[in-house]
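To keep things clear, I will list the structure first and then write my remarks on it.
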Amino acid sequence: MTLENEIKELIIKSLELEDITPSDIKDEEPLFGEGLGLDSIDALELGMALKKKFNIKLSSDKDENSEYFYSVKTIADFIRSNNCE
């Protein structure tokens with residue numbers, strides 16, 4: 001399984017998205033707003049799930065985290081860049 005698919009499954013499971021499958025989530029589609037439609041509460045829950053699964057450390061800088069959490073691809077790139085796989 002690719003890292004991107006692991007992230008998609010984690011998004012679905014941690015946010016309890018019932019009618020969505022990993023194939024419904026595009027790698028470069030925005031996760032928040034007009035894309036998947038996640039909100040700030042979802043961001044907190046997703047951040048906690050990612051920290052637990054991949055042992056990553058998130059910045060206290062909101063703008064920086066927004067860049068990492070833009071899409072599945074940006075989350076995967078962030079995890080890879082931190083050698084957390």
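Letters A, B, ... mark the chains of the structure tokens in the order given; residue numbers begin at 1 per chain; ligand numbers begin at 1, in order shown.
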Neighbours of Arg80 in chain A within 12 Å (only C-alpha atoms; same-chain residues fewer than 2 positions away dropped), as a list in words?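 After dropping sequence-adjacent residues, the list is Thr2, Leu3, Glu4, Phe54, Asn55, Ile56, Tyr68, Lys73, Thr74, Ile75, Ala76, Asp77, Phe78, Asn82, Asn83, Cys84 and Glu85 of chain A.
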Mind checking which residues fall within 8 Å of Pro22 in chain A, counting only C-alpha atoms, ignoring those fewer than 6 positions away in the same chain, and posting them as a list in words?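 Listed by chain and then number, they are Asn5, Lys8, Glu9 and Ile12 of chain A.
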For the selection you just gave me, I'd like the residues written to a file as a PDB file, in the first residue's frame, keeping N, CA and C atoms.
```pdb
ATOM      1  N   ASN A   5      -2.243   6.143   0.023  1.00  0.00           N
ATOM      2  CA  ASN A   5      -3.430   5.349   0.364  1.00  0.00           C
ATOM      3  C   ASN A   5      -3.562   5.159   1.872  1.00  0.00           C
ATOM      4  N   LYS A   8      -5.104   8.326   3.084  1.00  0.00           N
ATOM      5  CA  LYS A   8      -6.532   8.381   2.737  1.00  0.00           C
ATOM      6  C   LYS A   8      -7.347   7.519   3.686  1.00  0.00           C
ATOM      7  N   GLU A   9      -6.867   6.314   3.964  1.00  0.00           N
ATOM      8  CA  GLU A   9      -7.594   5.429   4.877  1.00  0.00           C
ATOM      9  C   GLU A   9      -7.627   6.013   6.284  1.00  0.00           C
ATOM     10  N   ILE A  12     -10.291   8.765   6.380  1.00  0.00           N
ATOM     11  CA  ILE A  12     -11.639   8.196   6.428  1.00  0.00           C
ATOM     12  C   ILE A  12     -11.936   7.615   7.811  1.00  0.00           C
TER      13      ILE A  12
END
```
Just the alpha helix (DSSP H) stuff from range 24-54 of chain A, please, per backbone DSSP, written as a PyMOL selection string. chain A and resi 40-54
Could you dump the residues just selected with N, CA and C atoms as a short mmCIF file (atom, residue, chain, number, x, y, z; two decimals), in the first residue's frame?
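Dumped to selection.cif:
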```cif
data_model
loop_
_atom_site.label_atom_id
_atom_site.label_comp_id
_atom_site.auth_asym_id
_atom_site.auth_seq_id
_atom_site.Cartn_x
_atom_site.Cartn_y
_atom_site.Cartn_z
N SER A 40 -11.86 22.98 10.62
CA SER A 40 -10.77 23.09 11.60
C SER A 40 -10.82 21.99 12.66
N ILE A 41 -12.00 21.55 13.03
CA ILE A 41 -12.12 20.43 13.98
C ILE A 41 -11.54 19.17 13.35
N ASP A 42 -11.87 18.95 12.07
CA ASP A 42 -11.31 17.80 11.35
C ASP A 42 -9.79 17.88 11.30
N ALA A 43 -9.27 19.10 11.13
CA ALA A 43 -7.82 19.29 11.06
C ALA A 43 -7.15 18.84 12.36
N LEU A 44 -7.76 19.20 13.48
CA LEU A 44 -7.21 18.79 14.78
C LEU A 44 -7.22 17.28 14.94
N GLU A 45 -8.34 16.66 14.60
CA GLU A 45 -8.45 15.20 14.71
C GLU A 45 -7.48 14.50 13.77
N LEU A 46 -7.38 15.01 12.55
CA LEU A 46 -6.47 14.42 11.57
C LEU A 46 -5.02 14.60 12.02
N GLY A 47 -4.70 15.77 12.53
CA GLY A 47 -3.35 16.02 13.04
C GLY A 47 -2.97 15.04 14.13
N MET A 48 -3.89 14.79 15.06
CA MET A 48 -3.63 13.84 16.15
C MET A 48 -3.42 12.43 15.60
N ALA A 49 -4.26 12.02 14.64
CA ALA A 49 -4.14 10.69 14.06
C ALA A 49 -2.82 10.53 13.31
N LEU A 50 -2.42 11.56 12.57
CA LEU A 50 -1.16 11.50 11.83
C LEU A 50 0.03 11.45 12.78
N LYS A 51 -0.02 12.24 13.84
CA LYS A 51 1.07 12.24 14.83
C LYS A 51 1.21 10.85 15.45
N LYS A 52 0.09 10.23 15.76
CA LYS A 52 0.11 8.92 16.40
C LYS A 52 0.62 7.84 15.44
N LYS A 53 0.12 7.83 14.21
CA LYS A 53 0.48 6.77 13.26
C LYS A 53 1.89 6.94 12.70
N PHE A 54 2.28 8.17 12.37
CA PHE A 54 3.55 8.38 11.69
C PHE A 54 4.63 9.03 12.58
#
```
Got a sec: who's within 12 Å of Ile20 in chain A, counting only C-alpha atoms, leaving out chain neighbours fewer than 4 positions off, as a list in words? Lys8, Glu9, Leu10, Ile11, Ile12, Lys13, Leu15, Glu16, Asp24, Ile25, Lys26 and Leu36 of chain A
For the selection you just gave me, I'd like the residues written to a file as a compact mmCIF listing (two decimals), in the first residue's frame, keeping N, CA, C and O atoms.
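Done, and the output landed in out_10.txt:
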```
# COMPACT_ATOMS: atom_id res chain seq x y z
N LYS A 8 -5.10 8.33 3.08
CA LYS A 8 -6.53 8.38 2.74
C LYS A 8 -7.35 7.52 3.69
O LYS A 8 -8.41 7.94 4.16
N GLU A 9 -6.87 6.31 3.96
CA GLU A 9 -7.59 5.43 4.88
C GLU A 9 -7.63 6.01 6.28
O GLU A 9 -8.64 5.90 6.98
N LEU A 10 -6.53 6.64 6.69
CA LEU A 10 -6.48 7.28 8.01
C LEU A 10 -7.48 8.44 8.08
O LEU A 10 -8.16 8.61 9.09
N ILE A 11 -7.57 9.23 7.03
CA ILE A 11 -8.54 10.34 6.98
C ILE A 11 -9.95 9.79 7.14
O ILE A 11 -10.73 10.28 7.97
N ILE A 12 -10.29 8.76 6.38
CA ILE A 12 -11.64 8.20 6.43
C ILE A 12 -11.94 7.62 7.81
O ILE A 12 -13.00 7.87 8.38
N LYS A 13 -10.99 6.86 8.35
CA LYS A 13 -11.21 6.21 9.65
C LYS A 13 -11.25 7.22 10.80
O LYS A 13 -12.15 7.21 11.62
N LEU A 15 -11.81 10.41 10.82
CA LEU A 15 -12.88 11.40 10.75
C LEU A 15 -14.26 10.76 10.55
O LEU A 15 -15.24 11.47 10.37
N GLU A 16 -14.28 9.42 10.54
CA GLU A 16 -15.53 8.68 10.40
C GLU A 16 -16.34 9.14 9.18
O GLU A 16 -17.54 9.42 9.28
N ASP A 24 -12.15 7.95 -3.75
CA ASP A 24 -12.89 9.21 -3.86
C ASP A 24 -12.01 10.42 -3.54
O ASP A 24 -12.36 11.55 -3.88
N ILE A 25 -10.92 10.19 -2.84
CA ILE A 25 -10.03 11.29 -2.43
C ILE A 25 -8.86 11.35 -3.41
O ILE A 25 -8.10 10.40 -3.54
N LYS A 26 -8.75 12.46 -4.09
CA LYS A 26 -7.66 12.66 -5.06
C LYS A 26 -6.42 13.16 -4.32
O LYS A 26 -6.51 13.97 -3.40
N LEU A 36 -12.35 18.36 -0.25
CA LEU A 36 -13.05 17.34 0.52
C LEU A 36 -14.02 17.97 1.52
O LEU A 36 -14.95 17.33 1.98
```
Can you work out the spacing between CA of Leu31 in chain A and CA of Ser71 in chain A in Å, to one decimal?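 Taking CA of Leu31 in chain A as the start and CA of Ser71 in chain A as the end point, the length is 5.3 Å.
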Just checking: using only C-alpha atoms, which residue out of A:Glu64, A:Ser81, A:Leu58, A:Tyr70 ends up closest to Gly35 in chain A? A:Tyr70
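Note that the spacing between CA of Leu17 in chain A and CA of Leu38 in chain A amounts to 10.3 Å.
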Pairwise distance for CA of Ile7 in chain A and CA of Asp61 in chain A, rounded to one decimal in Å: 21.9 Å
